[in-house]
>>> print(open('coords.cif').read())   # mmCIF, N, CA and C atoms
data_run
#
loop_
_atom_site.label_atom_id
_atom_site.label_comp_id
_atom_site.auth_asym_id
_atom_site.auth_seq_id
_atom_site.Cartn_x
_atom_site.Cartn_y
_atom_site.Cartn_z
N MET A 612 -0.87 3.65 7.02
CA MET A 612 -0.89 3.62 5.58
C MET A 612 -1.99 2.68 5.10
N ILE A 613 -2.12 1.52 5.72
CA ILE A 613 -3.14 0.58 5.28
C ILE A 613 -4.53 1.18 5.48
N GLY A 614 -4.67 2.02 6.50
CA GLY A 614 -5.94 2.68 6.74
C GLY A 614 -6.33 3.60 5.59
N ILE A 615 -5.36 4.29 5.03
CA ILE A 615 -5.62 5.18 3.89
C ILE A 615 -6.06 4.35 2.69
N VAL A 616 -5.39 3.24 2.46
CA VAL A 616 -5.74 2.37 1.34
C VAL A 616 -7.15 1.79 1.55
N ARG A 617 -7.46 1.39 2.78
CA ARG A 617 -8.79 0.85 3.05
C ARG A 617 -9.87 1.91 2.83
N ARG A 618 -9.62 3.14 3.27
CA ARG A 618 -10.61 4.21 3.05
C ARG A 618 -10.79 4.48 1.57
N TRP A 619 -9.69 4.47 0.82
CA TRP A 619 -9.77 4.66 -0.63
C TRP A 619 -10.62 3.56 -1.25
N ALA A 620 -10.34 2.30 -0.91
CA ALA A 620 -11.08 1.18 -1.49
C ALA A 620 -12.55 1.23 -1.07
N ASP A 621 -12.81 1.65 0.16
CA ASP A 621 -14.20 1.74 0.64
C ASP A 621 -14.99 2.84 -0.06
N SER A 622 -14.31 3.76 -0.73
CA SER A 622 -15.00 4.84 -1.44
C SER A 622 -15.66 4.34 -2.73
N PHE A 623 -15.37 3.11 -3.12
CA PHE A 623 -15.96 2.51 -4.32
C PHE A 623 -17.16 1.66 -3.93
N PRO A 624 -18.08 1.43 -4.87
CA PRO A 624 -19.26 0.61 -4.53
C PRO A 624 -18.91 -0.84 -4.20
N SER A 625 -17.76 -1.32 -4.70
CA SER A 625 -17.36 -2.70 -4.42
C SER A 625 -15.83 -2.80 -4.47
N GLU A 626 -15.33 -3.88 -3.90
CA GLU A 626 -13.89 -4.14 -3.95
C GLU A 626 -13.44 -4.36 -5.39
N ALA A 627 -14.29 -4.97 -6.18
CA ALA A 627 -13.98 -5.21 -7.59
C ALA A 627 -13.82 -3.89 -8.34
N ALA A 628 -14.66 -2.92 -8.05
CA ALA A 628 -14.57 -1.61 -8.70
C ALA A 628 -13.27 -0.90 -8.30
N ALA A 629 -12.88 -1.01 -7.05
CA ALA A 629 -11.63 -0.40 -6.60
C ALA A 629 -10.45 -1.08 -7.29
N ALA A 630 -10.50 -2.39 -7.41
CA ALA A 630 -9.42 -3.13 -8.07
C ALA A 630 -9.31 -2.71 -9.54
N ARG A 631 -10.44 -2.56 -10.21
CA ARG A 631 -10.42 -2.12 -11.62
C ARG A 631 -9.79 -0.73 -11.73
N ALA A 632 -10.11 0.15 -10.79
CA ALA A 632 -9.55 1.51 -10.81
C ALA A 632 -8.04 1.48 -10.64
N ALA A 633 -7.54 0.51 -9.88
CA ALA A 633 -6.10 0.39 -9.66
C ALA A 633 -5.41 -0.44 -10.74
N GLY A 634 -6.20 -1.13 -11.55
CA GLY A 634 -5.63 -1.96 -12.62
C GLY A 634 -5.11 -3.29 -12.15
N ILE A 635 -5.74 -3.84 -11.09
CA ILE A 635 -5.33 -5.14 -10.57
C ILE A 635 -6.55 -6.03 -10.38
N LYS A 636 -6.32 -7.31 -10.06
CA LYS A 636 -7.41 -8.24 -9.81
C LYS A 636 -8.01 -7.98 -8.43
N ARG A 637 -9.30 -8.29 -8.29
CA ARG A 637 -9.97 -8.11 -7.01
C ARG A 637 -9.30 -8.93 -5.92
N GLN A 638 -8.90 -10.16 -6.24
CA GLN A 638 -8.27 -11.03 -5.25
C GLN A 638 -6.97 -10.42 -4.73
N THR A 639 -6.22 -9.79 -5.64
CA THR A 639 -4.95 -9.17 -5.25
C THR A 639 -5.20 -8.00 -4.30
N LEU A 640 -6.19 -7.18 -4.61
CA LEU A 640 -6.53 -6.07 -3.73
C LEU A 640 -6.98 -6.59 -2.37
N HIS A 641 -7.78 -7.63 -2.37
CA HIS A 641 -8.26 -8.22 -1.11
C HIS A 641 -7.07 -8.68 -0.26
N GLN A 642 -6.11 -9.35 -0.87
CA GLN A 642 -4.93 -9.83 -0.14
C GLN A 642 -4.11 -8.68 0.41
N GLN A 643 -3.99 -7.61 -0.36
CA GLN A 643 -3.23 -6.45 0.09
C GLN A 643 -3.94 -5.72 1.23
N ARG A 644 -5.26 -5.58 1.13
CA ARG A 644 -6.03 -4.91 2.20
C ARG A 644 -5.97 -5.69 3.50
N ASN A 645 -5.85 -7.00 3.42
CA ASN A 645 -5.78 -7.84 4.61
C ASN A 645 -4.35 -8.11 5.06
N ALA A 646 -3.40 -7.43 4.44
CA ALA A 646 -1.98 -7.54 4.78
C ALA A 646 -1.41 -8.94 4.54
N ASP A 647 -2.06 -9.71 3.65
CA ASP A 647 -1.49 -11.00 3.26
C ASP A 647 -0.36 -10.80 2.27
N LYS A 648 -0.40 -9.69 1.54
CA LYS A 648 0.63 -9.31 0.58
C LYS A 648 0.97 -7.84 0.80
N PRO A 649 2.21 -7.46 0.47
CA PRO A 649 2.55 -6.03 0.61
C PRO A 649 1.79 -5.18 -0.41
N LEU A 650 1.58 -3.92 -0.06
CA LEU A 650 0.87 -3.01 -0.96
C LEU A 650 1.71 -2.78 -2.22
N SER A 651 1.06 -2.91 -3.37
CA SER A 651 1.76 -2.73 -4.65
C SER A 651 1.82 -1.24 -5.00
N GLU A 652 2.70 -0.94 -5.92
CA GLU A 652 2.83 0.45 -6.39
C GLU A 652 1.52 0.92 -7.02
N LYS A 653 0.83 0.03 -7.73
CA LYS A 653 -0.44 0.41 -8.37
C LYS A 653 -1.48 0.82 -7.33
N VAL A 654 -1.57 0.06 -6.25
CA VAL A 654 -2.55 0.37 -5.21
C VAL A 654 -2.16 1.65 -4.48
N LEU A 655 -0.89 1.78 -4.16
CA LEU A 655 -0.44 3.00 -3.49
C LEU A 655 -0.74 4.24 -4.33
N LYS A 656 -0.41 4.15 -5.62
CA LYS A 656 -0.64 5.29 -6.51
C LYS A 656 -2.13 5.61 -6.63
N ALA A 657 -2.95 4.59 -6.77
CA ALA A 657 -4.40 4.80 -6.88
C ALA A 657 -4.96 5.46 -5.62
N ALA A 658 -4.38 5.14 -4.47
CA ALA A 658 -4.84 5.71 -3.20
C ALA A 658 -4.19 7.06 -2.90
N GLY A 659 -3.34 7.52 -3.82
CA GLY A 659 -2.70 8.82 -3.65
C GLY A 659 -1.45 8.79 -2.78
N LEU A 660 -0.82 7.62 -2.70
CA LEU A 660 0.38 7.46 -1.88
C LEU A 660 1.56 7.05 -2.75
N ARG A 661 2.74 7.18 -2.20
CA ARG A 661 3.94 6.63 -2.84
C ARG A 661 4.87 6.13 -1.76
N ARG A 662 5.65 5.14 -2.11
CA ARG A 662 6.61 4.54 -1.19
C ARG A 662 7.87 5.40 -1.16
N VAL A 663 8.31 5.76 0.03
CA VAL A 663 9.51 6.56 0.19
C VAL A 663 10.46 5.79 1.10
N VAL A 664 11.66 5.60 0.64
CA VAL A 664 12.67 4.89 1.43
C VAL A 664 13.74 5.90 1.82
N SER A 665 14.05 5.93 3.09
CA SER A 665 15.11 6.84 3.55
C SER A 665 16.15 6.04 4.31
N VAL A 666 17.36 6.54 4.30
CA VAL A 666 18.48 5.89 4.99
C VAL A 666 18.94 6.81 6.09
N HIS A 667 19.13 6.25 7.27
CA HIS A 667 19.60 7.00 8.42
C HIS A 667 20.90 6.38 8.90
N TYR A 668 21.84 7.23 9.29
CA TYR A 668 23.10 6.77 9.85
C TYR A 668 23.19 7.24 11.28
N GLU A 669 23.74 6.41 12.12
CA GLU A 669 23.95 6.80 13.50
C GLU A 669 25.28 6.24 13.99
N PHE A 670 25.84 6.88 14.99
CA PHE A 670 27.10 6.44 15.55
C PHE A 670 26.89 5.21 16.43
N ILE A 671 27.84 4.29 16.35
CA ILE A 671 27.82 3.11 17.21
C ILE A 671 28.96 3.29 18.20
N GLU A 672 28.61 3.39 19.46
CA GLU A 672 29.62 3.59 20.48
C GLU A 672 30.51 2.36 20.58
N GLY A 673 31.80 2.60 20.67
CA GLY A 673 32.77 1.52 20.81
C GLY A 673 33.17 0.86 19.52
N ALA A 674 32.65 1.32 18.39
CA ALA A 674 33.02 0.74 17.10
C ALA A 674 34.39 1.27 16.70
N GLU A 675 35.16 0.42 16.06
CA GLU A 675 36.52 0.83 15.63
C GLU A 675 36.54 1.12 14.16
#
>>> encode(input="coords.cif", output="structure tokens")
Amino acid sequence: MIGIVRRWADSFPSEAAAARAAGIKRQTLHQQRNADKPLSEKVLKAAGLRRVVSVHYEFIEGAE
């Protein structure tokens, strides 16, 4: 996922331009690209992604 965001950001002439397109500060985008902060919804959306959370259940042997 981070690779997709990096390719999206690299498609702009500068990191600042990519940040403007996402509606965030350049420093924030830099921190997210370097995995210092989690990817925000704004960055995911700008890169054409969305966060999907799924729940899985499995049997635990020996559970009462």
>>> select_by_dssp(input="coords.cif", residues="chain A", states="helix (DSSP H, G or I)", output="VMD selection string")
chain A and resid 613 to 621 626 to 633 637 to 644 652 to 657
>>> resolve_selection(input="coords.cif", expression="the PyMOL selection byres ((chain A and resi 657) around 8)", output="list in words")
Val616, Trp619, Ala620, Ala632, Ala633, Gly634, Ser651, Glu652, Lys653, Val654, Leu655, Lys656, Ala658, Gly659, Leu660 and Arg661 of chain A
>>> residues_near_point(input="coords.cif", point="(-7.6, -3.9, 2.3)", cutoff="12 Å", atoms="only C-alpha atoms", output="ChimeraX atom specification")
/A:612-621,625-627,629-630,637-651,654-655,658
>>> write_last_selection(input="coords.cif", atoms="N, CA and C atoms", output="short mmCIF file (atom, residue, chain, number, x, y, z; two decimals), in the coordinates of the input")
data_model
loop_
_atom_site.label_atom_id
_atom_site.label_comp_id
_atom_site.auth_asym_id
_atom_site.auth_seq_id
_atom_site.Cartn_x
_atom_site.Cartn_y
_atom_site.Cartn_z
N MET A 612 -0.87 3.65 7.02
CA MET A 612 -0.89 3.62 5.58
C MET A 612 -1.99 2.68 5.10
N ILE A 613 -2.12 1.52 5.72
CA ILE A 613 -3.14 0.58 5.28
C ILE A 613 -4.53 1.18 5.48
N GLY A 614 -4.67 2.02 6.50
CA GLY A 614 -5.94 2.68 6.74
C GLY A 614 -6.33 3.60 5.59
N ILE A 615 -5.36 4.29 5.03
CA ILE A 615 -5.62 5.18 3.89
C ILE A 615 -6.06 4.35 2.69
N VAL A 616 -5.39 3.24 2.46
CA VAL A 616 -5.74 2.37 1.34
C VAL A 616 -7.15 1.79 1.55
N ARG A 617 -7.46 1.39 2.78
CA ARG A 617 -8.79 0.85 3.05
C ARG A 617 -9.87 1.91 2.83
N ARG A 618 -9.62 3.14 3.27
CA ARG A 618 -10.61 4.21 3.05
C ARG A 618 -10.79 4.48 1.57
N TRP A 619 -9.69 4.47 0.82
CA TRP A 619 -9.77 4.66 -0.63
C TRP A 619 -10.62 3.56 -1.25
N ALA A 620 -10.34 2.30 -0.91
CA ALA A 620 -11.08 1.18 -1.49
C ALA A 620 -12.55 1.23 -1.07
N ASP A 621 -12.81 1.65 0.16
CA ASP A 621 -14.20 1.74 0.64
C ASP A 621 -14.99 2.84 -0.06
N SER A 625 -17.76 -1.32 -4.70
CA SER A 625 -17.36 -2.70 -4.42
C SER A 625 -15.83 -2.80 -4.47
N GLU A 626 -15.33 -3.88 -3.90
CA GLU A 626 -13.89 -4.14 -3.95
C GLU A 626 -13.44 -4.36 -5.39
N ALA A 627 -14.29 -4.97 -6.18
CA ALA A 627 -13.98 -5.21 -7.59
C ALA A 627 -13.82 -3.89 -8.34
N ALA A 629 -12.88 -1.01 -7.05
CA ALA A 629 -11.63 -0.40 -6.60
C ALA A 629 -10.45 -1.08 -7.29
N ALA A 630 -10.50 -2.39 -7.41
CA ALA A 630 -9.42 -3.13 -8.07
C ALA A 630 -9.31 -2.71 -9.54
N ARG A 637 -9.30 -8.29 -8.29
CA ARG A 637 -9.97 -8.11 -7.01
C ARG A 637 -9.30 -8.93 -5.92
N GLN A 638 -8.90 -10.16 -6.24
CA GLN A 638 -8.27 -11.03 -5.25
C GLN A 638 -6.97 -10.42 -4.73
N THR A 639 -6.22 -9.79 -5.64
CA THR A 639 -4.95 -9.17 -5.25
C THR A 639 -5.20 -8.00 -4.30
N LEU A 640 -6.19 -7.18 -4.61
CA LEU A 640 -6.53 -6.07 -3.73
C LEU A 640 -6.98 -6.59 -2.37
N HIS A 641 -7.78 -7.63 -2.37
CA HIS A 641 -8.26 -8.22 -1.11
C HIS A 641 -7.07 -8.68 -0.26
N GLN A 642 -6.11 -9.35 -0.87
CA GLN A 642 -4.93 -9.83 -0.14
C GLN A 642 -4.11 -8.68 0.41
N GLN A 643 -3.99 -7.61 -0.36
CA GLN A 643 -3.23 -6.45 0.09
C GLN A 643 -3.94 -5.72 1.23
N ARG A 644 -5.26 -5.58 1.13
CA ARG A 644 -6.03 -4.91 2.20
C ARG A 644 -5.97 -5.69 3.50
N ASN A 645 -5.85 -7.00 3.42
CA ASN A 645 -5.78 -7.84 4.61
C ASN A 645 -4.35 -8.11 5.06
N ALA A 646 -3.40 -7.43 4.44
CA ALA A 646 -1.98 -7.54 4.78
C ALA A 646 -1.41 -8.94 4.54
N ASP A 647 -2.06 -9.71 3.65
CA ASP A 647 -1.49 -11.00 3.26
C ASP A 647 -0.36 -10.80 2.27
N LYS A 648 -0.40 -9.69 1.54
CA LYS A 648 0.63 -9.31 0.58
C LYS A 648 0.97 -7.84 0.80
N PRO A 649 2.21 -7.46 0.47
CA PRO A 649 2.55 -6.03 0.61
C PRO A 649 1.79 -5.18 -0.41
N LEU A 650 1.58 -3.92 -0.06
CA LEU A 650 0.87 -3.01 -0.96
C LEU A 650 1.71 -2.78 -2.22
N SER A 651 1.06 -2.91 -3.37
CA SER A 651 1.76 -2.73 -4.65
C SER A 651 1.82 -1.24 -5.00
N VAL A 654 -1.57 0.06 -6.25
CA VAL A 654 -2.55 0.37 -5.21
C VAL A 654 -2.16 1.65 -4.48
N LEU A 655 -0.89 1.78 -4.16
CA LEU A 655 -0.44 3.00 -3.49
C LEU A 655 -0.74 4.24 -4.33
N ALA A 658 -4.38 5.14 -4.47
CA ALA A 658 -4.84 5.71 -3.20
C ALA A 658 -4.19 7.06 -2.90
#
>>> atom_distance(input="coords.cif", atom1="atom C of Ser622 of chain A", atom2="atom C of Ile635 of chain A")
15.8 Å
>>> atom_distance(input="coords.cif", atom1="atom N of Lys636 of chain A", atom2="atom CA of Val663 of chain A")
23.4 Å
>>> atom_distance(input="coords.cif", atom1="atom CA of Arg631 of chain A", atom2="atom N of Val664 of chain A")
26.4 Å
>>> axis_aligned_box(input="coords.cif", around="segment 644-656 of chain A", padding_each_side="6 Å", output="AutoDock Vina command-line options")
--center_x -1.6 --center_y -2.7 --center_z -1.7 --size_x 20.9 --size_y 28.6 --size_z 25.4
>>> decode(input="coords.cif", residues="segment 613-639 of chain A", atoms="N, CA and C atoms", output="PDB file, in the first residue's frame")
ATOM      1  N   ILE A 613       1.921   1.260   0.810  1.00  0.00           N
ATOM      2  CA  ILE A 613       2.776   2.440   0.856  1.00  0.00           C
ATOM      3  C   ILE A 613       3.437   2.665  -0.503  1.00  0.00           C
ATOM      4  N   GLY A 614       3.691   1.582  -1.221  1.00  0.00           N
ATOM      5  CA  GLY A 614       4.275   1.712  -2.552  1.00  0.00           C
ATOM      6  C   GLY A 614       3.354   2.450  -3.510  1.00  0.00           C
ATOM      7  N   ILE A 615       2.066   2.191  -3.410  1.00  0.00           N
ATOM      8  CA  ILE A 615       1.092   2.877  -4.261  1.00  0.00           C
ATOM      9  C   ILE A 615       1.071   4.366  -3.922  1.00  0.00           C
ATOM     10  N   VAL A 616       1.103   4.678  -2.641  1.00  0.00           N
ATOM     11  CA  VAL A 616       1.101   6.079  -2.217  1.00  0.00           C
ATOM     12  C   VAL A 616       2.390   6.767  -2.682  1.00  0.00           C
ATOM     13  N   ARG A 617       3.513   6.076  -2.574  1.00  0.00           N
ATOM     14  CA  ARG A 617       4.782   6.671  -3.022  1.00  0.00           C
ATOM     15  C   ARG A 617       4.763   6.924  -4.528  1.00  0.00           C
ATOM     16  N   ARG A 618       4.236   5.971  -5.305  1.00  0.00           N
ATOM     17  CA  ARG A 618       4.161   6.179  -6.757  1.00  0.00           C
ATOM     18  C   ARG A 618       3.241   7.345  -7.089  1.00  0.00           C
ATOM     19  N   TRP A 619       2.128   7.454  -6.370  1.00  0.00           N
ATOM     20  CA  TRP A 619       1.217   8.579  -6.575  1.00  0.00           C
ATOM     21  C   TRP A 619       1.940   9.895  -6.296  1.00  0.00           C
ATOM     22  N   ALA A 620       2.617   9.983  -5.151  1.00  0.00           N
ATOM     23  CA  ALA A 620       3.314  11.223  -4.783  1.00  0.00           C
ATOM     24  C   ALA A 620       4.436  11.529  -5.768  1.00  0.00           C
ATOM     25  N   ASP A 621       5.110  10.491  -6.257  1.00  0.00           N
ATOM     26  CA  ASP A 621       6.202  10.696  -7.214  1.00  0.00           C
ATOM     27  C   ASP A 621       5.705  11.180  -8.575  1.00  0.00           C
ATOM     28  N   SER A 622       4.408  11.060  -8.832  1.00  0.00           N
ATOM     29  CA  SER A 622       3.859  11.520 -10.113  1.00  0.00           C
ATOM     30  C   SER A 622       3.747  13.048 -10.171  1.00  0.00           C
ATOM     31  N   PHE A 623       3.977  13.710  -9.040  1.00  0.00           N
ATOM     32  CA  PHE A 623       3.934  15.176  -8.977  1.00  0.00           C
ATOM     33  C   PHE A 623       5.348  15.727  -9.108  1.00  0.00           C
ATOM     34  N   PRO A 624       5.474  16.988  -9.528  1.00  0.00           N
ATOM     35  CA  PRO A 624       6.815  17.568  -9.666  1.00  0.00           C
ATOM     36  C   PRO A 624       7.551  17.707  -8.335  1.00  0.00           C
ATOM     37  N   SER A 625       6.797  17.778  -7.229  1.00  0.00           N
ATOM     38  CA  SER A 625       7.432  17.913  -5.911  1.00  0.00           C
ATOM     39  C   SER A 625       6.514  17.305  -4.851  1.00  0.00           C
ATOM     40  N   GLU A 626       7.112  17.038  -3.696  1.00  0.00           N
ATOM     41  CA  GLU A 626       6.324  16.528  -2.570  1.00  0.00           C
ATOM     42  C   GLU A 626       5.307  17.570  -2.121  1.00  0.00           C
ATOM     43  N   ALA A 627       5.678  18.833  -2.207  1.00  0.00           N
ATOM     44  CA  ALA A 627       4.766  19.912  -1.829  1.00  0.00           C
ATOM     45  C   ALA A 627       3.538  19.929  -2.737  1.00  0.00           C
ATOM     46  N   ALA A 628       3.728  19.698  -4.026  1.00  0.00           N
ATOM     47  CA  ALA A 628       2.604  19.666  -4.965  1.00  0.00           C
ATOM     48  C   ALA A 628       1.675  18.490  -4.662  1.00  0.00           C
ATOM     49  N   ALA A 629       2.241  17.351  -4.322  1.00  0.00           N
ATOM     50  CA  ALA A 629       1.428  16.187  -3.965  1.00  0.00           C
ATOM     51  C   ALA A 629       0.639  16.468  -2.688  1.00  0.00           C
ATOM     52  N   ALA A 630       1.282  17.106  -1.725  1.00  0.00           N
ATOM     53  CA  ALA A 630       0.606  17.432  -0.470  1.00  0.00           C
ATOM     54  C   ALA A 630      -0.553  18.402  -0.720  1.00  0.00           C
ATOM     55  N   ARG A 631      -0.337  19.397  -1.576  1.00  0.00           N
ATOM     56  CA  ARG A 631      -1.418  20.343  -1.908  1.00  0.00           C
ATOM     57  C   ARG A 631      -2.589  19.607  -2.552  1.00  0.00           C
ATOM     58  N   ALA A 632      -2.288  18.656  -3.432  1.00  0.00           N
ATOM     59  CA  ALA A 632      -3.351  17.893  -4.099  1.00  0.00           C
ATOM     60  C   ALA A 632      -4.160  17.084  -3.102  1.00  0.00           C
ATOM     61  N   ALA A 633      -3.511  16.630  -2.034  1.00  0.00           N
ATOM     62  CA  ALA A 633      -4.211  15.848  -1.005  1.00  0.00           C
ATOM     63  C   ALA A 633      -4.841  16.727   0.066  1.00  0.00           C
ATOM     64  N   GLY A 634      -4.482  18.005   0.078  1.00  0.00           N
ATOM     65  CA  GLY A 634      -5.044  18.930   1.068  1.00  0.00           C
ATOM     66  C   GLY A 634      -4.388  18.832   2.429  1.00  0.00           C
ATOM     67  N   ILE A 635      -3.087  18.487   2.444  1.00  0.00           N
ATOM     68  CA  ILE A 635      -2.355  18.384   3.705  1.00  0.00           C
ATOM     69  C   ILE A 635      -1.033  19.132   3.586  1.00  0.00           C
ATOM     70  N   LYS A 636      -0.325  19.269   4.715  1.00  0.00           N
ATOM     71  CA  LYS A 636       0.984  19.924   4.719  1.00  0.00           C
ATOM     72  C   LYS A 636       2.032  18.976   4.142  1.00  0.00           C
ATOM     73  N   ARG A 637       3.070  19.571   3.544  1.00  0.00           N
ATOM     74  CA  ARG A 637       4.148  18.773   2.974  1.00  0.00           C
ATOM     75  C   ARG A 637       4.817  17.911   4.039  1.00  0.00           C
ATOM     76  N   GLN A 638       5.011  18.471   5.237  1.00  0.00           N
ATOM     77  CA  GLN A 638       5.666  17.727   6.311  1.00  0.00           C
ATOM     78  C   GLN A 638       4.858  16.487   6.695  1.00  0.00           C
ATOM     79  N   THR A 639       3.538  16.634   6.699  1.00  0.00           N
ATOM     80  CA  THR A 639       2.668  15.510   7.043  1.00  0.00           C
ATOM     81  C   THR A 639       2.782  14.408   6.001  1.00  0.00           C
TER      82      THR A 639
END
